[in-house]
Amino acid sequence: MDNPIEPKKSNKNLLITAIAVVVVIVLVGSFVGLDYHNLVKPSKSTSSTSTLYVYSGVSGPKNSDHLLGGCVVAEMKGGSAPAASAQLMAYLLNPAIQKACADHTGFIAVDTGAYTSSPSTSVPTIYSSTNATVDISYYTSISTSDEAYVTSVINNFMNEYKNIKVTPSFITASSMVEEVSSLVTGHSHANVVMTIDNLDVGVLFYDGYLANLTSIAPTISNGQFVSQIANLNNYESHVFGGIYFFTQLTNIPLVWIDYTALQGAGISKVPTTYTQLYTDAKTLYQKYGVGEINFQGHGGASTPTELYQWMVQFGGNPMLFNDTGDIQAMSYIYNLSAYFSPDYTTSYWATYTGLASNSYTMMYYQWPGSVNLTKLGMTSYNATDTVSNQSLAAMKLGVFLRSPVAWIGQWQTMMDNAWVQIVEHKSGLSSIPSILSTCNSNMVSYLASNYNSEVAANYTAGMYAPVMG
């Protein structure tokens, strides 16, 4: 996911929240005083004997909610043919398209109709076939591997809607923000639909670059969102005073385990609480002589994303850094880091093949779909434990979103700095409250200087909090 662009000074203080589709909170074990490469570990080769177990993960001390990641679909304001743009959005949110997208990309379908054996192919008519031919620019930040599929979807759309010509552009979310900003400030009447990261859409909303879709929203969505997504959409309307985007591509973090290696250490069941996870991590370390828990901790935006879910499950508000739940979560992670895999300083959400190559046994929280481990020689524990089924199971436990405030990039930087001090530099348990409180104070100062005192006061009051579905 791209780091959001930091906006110019602003005195807007609305809380933005967007739906997203999957972040992964991956735990990675820590190497303690051993030569990892010379250790002899039990056979966990990429053969058919290595069993892959995928599930929704542990239940936190306060809740079992999971972080949603992914993209929303929105329209740039000022377009000459908003109905044509709405037609494209309705098509992209159709149950049949949603199901096909889930099958091809791994993103969870947001429409309940997508989970039927014959999802509806009917799309409401918004832009009549007798209307004039119009052009739409479609920007998407989807991964390179999915570009061919998205292009085929757009081509199929144009085959059905002969008078709507769509030109897709595959660009990063940050580039999309720059492009839309340039168009709007230049008083362009171009028709632009975008599939953009749920955090980056906050910058566009704050700057007033998105079209208000409230009046057409029921037609576009067709009232079939799964309940957890519908709840988050309702929150958007409550906070923003209208609908400005829809959840389109959702992802949810799952836990991935080499079950064969787990059994080799005498562990017969996957952990379902954080207490069990810690005990299992210690058992694995004692058995194999090296940390076996993988956590993406090399720095950058993805590390704070991982920490966000932990803090929420401990009852915290990650945006504040230092409330009771935040401190408890970081204290737990500090203790767990003694059993982190050596891979944790280089691990990244799109490259987690270490699970199939003996680098670690448990990968706590990872976005599904980026690597097909079964193709690397692992076999599924249960045929019904598919990524799709487990994603839905995780979603039903509850979901939440990060607040896509315009200053999320600064928050990520501060959280990353705290991670380095606490985990990488081993600051000690007693220093954690002080380090996180310093982050809180620095954020207050940043907001007062770059926005205004009201935004800083709202931050201090805890107004910028996770959005619970």
# chains A, B, ... in the order shown; residues from 1 in each chain; ligands from 1
call {"tool": "select_by_dssp", "arguments": {"residues": "region 190-235 of chain A", "states": "alpha helix (DSSP H)", "output": "PyMOL selection string"}}
result
chain A and resi 201-206+217-221+227-235
call {"tool": "residues_around", "arguments": {"residues": "region 136-138 of chain A", "least_positions_apart": "6", "cutoff": "6 Å", "atoms": "only C-alpha atoms", "output": "ChimeraX atom specification"}}
result
/A:166-168,191-194
call {"tool": "write_last_selection", "arguments": {"atoms": "N, CA and C atoms", "output": "PDB file, in the first residue's frame"}}
result
ATOM      1  N   VAL A 166     -14.095   3.749 -22.053  1.00  0.00           N
ATOM      2  CA  VAL A 166     -13.295   3.798 -20.827  1.00  0.00           C
ATOM      3  C   VAL A 166     -11.822   3.556 -21.149  1.00  0.00           C
ATOM      4  N   THR A 167     -10.987   4.432 -20.651  1.00  0.00           N
ATOM      5  CA  THR A 167      -9.537   4.272 -20.802  1.00  0.00           C
ATOM      6  C   THR A 167      -8.933   3.996 -19.430  1.00  0.00           C
ATOM      7  N   PRO A 168      -8.474   2.769 -19.187  1.00  0.00           N
ATOM      8  CA  PRO A 168      -7.893   2.468 -17.874  1.00  0.00           C
ATOM      9  C   PRO A 168      -6.447   2.932 -17.766  1.00  0.00           C
ATOM     10  N   ASN A 191     -14.482  13.037 -17.078  1.00  0.00           N
ATOM     11  CA  ASN A 191     -15.164  12.024 -16.273  1.00  0.00           C
ATOM     12  C   ASN A 191     -14.113  11.045 -15.753  1.00  0.00           C
ATOM     13  N   VAL A 192     -13.931  11.004 -14.445  1.00  0.00           N
ATOM     14  CA  VAL A 192     -12.890  10.175 -13.844  1.00  0.00           C
ATOM     15  C   VAL A 192     -13.498   9.291 -12.765  1.00  0.00           C
ATOM     16  N   VAL A 193     -13.299   7.988 -12.906  1.00  0.00           N
ATOM     17  CA  VAL A 193     -13.653   7.018 -11.878  1.00  0.00           C
ATOM     18  C   VAL A 193     -12.351   6.413 -11.391  1.00  0.00           C
ATOM     19  N   MET A 194     -12.252   6.216 -10.095  1.00  0.00           N
ATOM     20  CA  MET A 194     -10.985   5.708  -9.551  1.00  0.00           C
ATOM     21  C   MET A 194     -11.219   4.581  -8.557  1.00  0.00           C
TER      22      MET A 194
END
call {"tool": "atom_distance", "arguments": {"atom1": "CA of Cys439 (chain A)", "atom2": "CA of Ser341 (chain A)"}}
result
27.1 Å
call {"tool": "select_by_dssp", "arguments": {"residues": "region 175-366 of chain A", "states": "strand (DSSP E)", "output": "ChimeraX atom specification"}}
result
/A:191-197,246-251,254-258,293-295,362-366
call {"tool": "residues_around", "arguments": {"residues": "Thr361 (chain A)", "least_positions_apart": "2", "cutoff": "12 Å", "atoms": "only C-alpha atoms", "output": "MDAnalysis selection string"}}
result
chainID A and resid 27:29 41:45 50:53 255:265 267 270 280:281 283:285 287:288 290:295 339:343 352:359 363:364
call {"tool": "write_last_selection", "arguments": {"atoms": "N, CA and C atoms", "output": "compact mmCIF listing (two decimals), in the first residue's frame"}}
result
# COMPACT_ATOMS: atom_id res chain seq x y z
N LEU A 27 2.98 -11.55 12.14
CA LEU A 27 3.94 -11.64 13.23
C LEU A 27 5.18 -12.37 12.79
N VAL A 28 6.29 -11.87 13.18
CA VAL A 28 7.51 -12.53 12.80
C VAL A 28 8.38 -12.73 14.01
N GLY A 29 8.95 -13.86 14.17
CA GLY A 29 9.77 -14.15 15.33
C GLY A 29 11.12 -13.47 15.30
N LYS A 41 17.10 -27.90 11.24
CA LYS A 41 15.69 -27.91 11.61
C LYS A 41 15.05 -29.18 11.07
N PRO A 42 13.90 -29.57 11.61
CA PRO A 42 13.22 -30.77 11.11
C PRO A 42 12.77 -30.55 9.67
N SER A 43 12.46 -31.64 9.02
CA SER A 43 12.08 -31.56 7.62
C SER A 43 10.81 -30.76 7.46
N LYS A 44 10.93 -29.61 6.81
CA LYS A 44 9.77 -28.80 6.47
C LYS A 44 9.94 -28.36 5.03
N SER A 45 10.36 -29.24 4.21
CA SER A 45 10.64 -28.90 2.82
C SER A 45 9.35 -28.63 2.07
N SER A 50 4.42 -31.13 3.77
CA SER A 50 4.33 -29.86 4.48
C SER A 50 2.90 -29.32 4.34
N THR A 51 2.20 -29.24 5.47
CA THR A 51 0.79 -28.88 5.45
C THR A 51 0.57 -27.42 5.77
N LEU A 52 -0.20 -26.75 4.95
CA LEU A 52 -0.53 -25.34 5.13
C LEU A 52 -1.87 -25.21 5.84
N TYR A 53 -1.87 -24.49 6.95
CA TYR A 53 -3.09 -24.24 7.71
C TYR A 53 -3.37 -22.74 7.66
N VAL A 255 -4.10 -15.80 9.23
CA VAL A 255 -2.91 -16.39 9.83
C VAL A 255 -2.53 -17.63 9.03
N TRP A 256 -1.25 -17.77 8.72
CA TRP A 256 -0.75 -18.85 7.88
C TRP A 256 0.27 -19.66 8.68
N ILE A 257 0.13 -20.97 8.69
CA ILE A 257 0.95 -21.82 9.54
C ILE A 257 1.43 -23.06 8.78
N ASP A 258 2.68 -23.42 9.00
CA ASP A 258 3.19 -24.72 8.56
C ASP A 258 2.78 -25.72 9.64
N TYR A 259 1.65 -26.37 9.43
CA TYR A 259 1.08 -27.22 10.47
C TYR A 259 1.95 -28.45 10.74
N THR A 260 2.67 -28.90 9.74
CA THR A 260 3.57 -30.04 9.92
C THR A 260 4.65 -29.70 10.95
N ALA A 261 5.23 -28.51 10.82
CA ALA A 261 6.26 -28.08 11.77
C ALA A 261 5.66 -27.86 13.16
N LEU A 262 4.43 -27.39 13.19
CA LEU A 262 3.75 -27.19 14.48
C LEU A 262 3.61 -28.53 15.21
N GLN A 263 3.15 -29.54 14.48
CA GLN A 263 3.00 -30.86 15.06
C GLN A 263 4.35 -31.44 15.48
N GLY A 264 5.39 -31.13 14.71
CA GLY A 264 6.72 -31.62 15.04
C GLY A 264 7.21 -31.12 16.38
N ALA A 265 6.67 -29.99 16.83
CA ALA A 265 7.03 -29.43 18.13
C ALA A 265 6.06 -29.89 19.22
N ILE A 267 2.73 -29.52 19.14
CA ILE A 267 1.56 -28.64 19.24
C ILE A 267 0.47 -29.18 18.32
N VAL A 270 -3.87 -25.05 16.62
CA VAL A 270 -3.38 -23.70 16.39
C VAL A 270 -3.83 -22.79 17.54
N ASP A 280 3.06 -21.11 22.48
CA ASP A 280 3.48 -21.88 21.30
C ASP A 280 4.77 -21.33 20.71
N ALA A 281 4.92 -20.02 20.71
CA ALA A 281 6.14 -19.41 20.17
C ALA A 281 7.36 -19.88 20.97
N THR A 283 7.54 -22.67 22.74
CA THR A 283 7.71 -24.11 22.47
C THR A 283 8.43 -24.34 21.15
N LEU A 284 8.06 -23.60 20.12
CA LEU A 284 8.70 -23.73 18.82
C LEU A 284 10.18 -23.34 18.89
N TYR A 285 10.47 -22.29 19.63
CA TYR A 285 11.85 -21.86 19.77
C TYR A 285 12.70 -22.93 20.47
N LYS A 287 12.11 -26.08 20.51
CA LYS A 287 12.21 -27.26 19.66
C LYS A 287 13.22 -27.05 18.53
N TYR A 288 13.12 -25.91 17.85
CA TYR A 288 13.91 -25.71 16.64
C TYR A 288 15.13 -24.81 16.82
N VAL A 290 15.40 -21.59 17.05
CA VAL A 290 15.36 -20.30 16.36
C VAL A 290 13.92 -19.79 16.39
N GLY A 291 13.76 -18.48 16.34
CA GLY A 291 12.41 -17.91 16.33
C GLY A 291 11.61 -18.37 15.14
N GLU A 292 10.35 -18.71 15.36
CA GLU A 292 9.51 -19.25 14.29
C GLU A 292 8.28 -18.40 13.99
N ILE A 293 8.15 -17.24 14.65
CA ILE A 293 6.99 -16.38 14.43
C ILE A 293 7.40 -15.22 13.52
N ASN A 294 6.68 -15.04 12.44
CA ASN A 294 7.03 -14.02 11.46
C ASN A 294 6.16 -12.78 11.63
N PHE A 295 6.80 -11.65 11.71
CA PHE A 295 6.12 -10.36 11.81
C PHE A 295 6.82 -9.41 10.86
N TYR A 339 10.94 -14.37 20.19
CA TYR A 339 10.73 -15.58 19.39
C TYR A 339 10.42 -15.26 17.94
N PHE A 340 10.78 -14.05 17.52
CA PHE A 340 10.60 -13.65 16.13
C PHE A 340 11.59 -14.39 15.22
N SER A 341 11.16 -14.69 14.02
CA SER A 341 12.04 -15.25 13.00
C SER A 341 13.06 -14.21 12.58
N PRO A 342 14.26 -14.63 12.21
CA PRO A 342 15.24 -13.67 11.67
C PRO A 342 14.73 -12.94 10.44
N ASP A 343 13.72 -13.49 9.77
CA ASP A 343 13.17 -12.87 8.56
C ASP A 343 12.41 -11.58 8.84
N TYR A 352 6.04 -13.73 1.05
CA TYR A 352 6.09 -14.49 2.29
C TYR A 352 6.32 -15.98 2.02
N THR A 353 7.21 -16.26 1.09
CA THR A 353 7.50 -17.65 0.73
C THR A 353 8.30 -18.38 1.81
N GLY A 354 8.78 -17.65 2.81
CA GLY A 354 9.55 -18.29 3.87
C GLY A 354 8.79 -19.36 4.61
N LEU A 355 7.47 -19.30 4.59
CA LEU A 355 6.66 -20.31 5.26
C LEU A 355 6.85 -21.67 4.59
N ALA A 356 7.11 -21.66 3.30
CA ALA A 356 7.28 -22.92 2.57
C ALA A 356 8.75 -23.28 2.37
N SER A 357 9.66 -22.46 2.92
CA SER A 357 11.08 -22.73 2.73
C SER A 357 11.85 -22.79 4.04
N ASN A 358 11.13 -23.16 5.10
CA ASN A 358 11.75 -23.43 6.40
C ASN A 358 12.25 -22.20 7.15
N SER A 359 11.86 -21.01 6.76
CA SER A 359 12.32 -19.82 7.47
C SER A 359 11.53 -19.55 8.75
N MET A 363 3.04 -17.43 10.50
CA MET A 363 3.03 -16.09 9.94
C MET A 363 1.76 -15.41 10.41
N TYR A 364 1.91 -14.62 11.48
CA TYR A 364 0.72 -14.05 12.09
C TYR A 364 0.27 -12.79 11.39
call {"tool": "atom_distance", "arguments": {"atom1": "CA of Met362 (chain A)", "atom2": "CA of Tyr308 (chain A)"}}
result
19.3 Å
call {"tool": "residues_around", "arguments": {"residues": "Val226 (chain A)", "least_positions_apart": "5", "cutoff": "9 Å", "atoms": "only C-alpha atoms", "output": "compact mmCIF listing (two decimals) with N, CA, C and O atoms, in the first residue's frame"}}
result
# COMPACT_ATOMS: atom_id res chain seq x y z
N ALA A 109 -15.36 -10.41 -2.07
CA ALA A 109 -16.52 -9.76 -2.67
C ALA A 109 -17.30 -9.02 -1.59
O ALA A 109 -17.47 -9.51 -0.47
N VAL A 110 -17.79 -7.82 -1.90
CA VAL A 110 -18.52 -7.02 -0.92
C VAL A 110 -20.03 -7.17 -1.06
O VAL A 110 -20.78 -6.69 -0.22
N ASP A 111 -20.48 -7.82 -2.12
CA ASP A 111 -21.90 -7.95 -2.40
C ASP A 111 -22.39 -9.34 -2.00
O ASP A 111 -21.81 -10.34 -2.39
N THR A 112 -23.47 -9.39 -1.23
CA THR A 112 -23.99 -10.68 -0.78
C THR A 112 -24.36 -11.58 -1.93
O THR A 112 -24.23 -12.80 -1.85
N GLY A 113 -24.81 -11.01 -3.04
CA GLY A 113 -25.21 -11.82 -4.18
C GLY A 113 -24.06 -12.58 -4.81
O GLY A 113 -24.26 -13.57 -5.50
N ASN A 231 -22.45 -1.57 7.31
CA ASN A 231 -22.30 -0.79 8.54
C ASN A 231 -21.22 0.27 8.40
O ASN A 231 -21.37 1.41 8.86
call {"tool": "closest_residue", "arguments": {"among": "A:Met443, A:Leu88, A:Ala461, A:Ala100", "to": "Tyr115 (chain A)", "atoms": "only C-alpha atoms"}}
result
A:Ala100
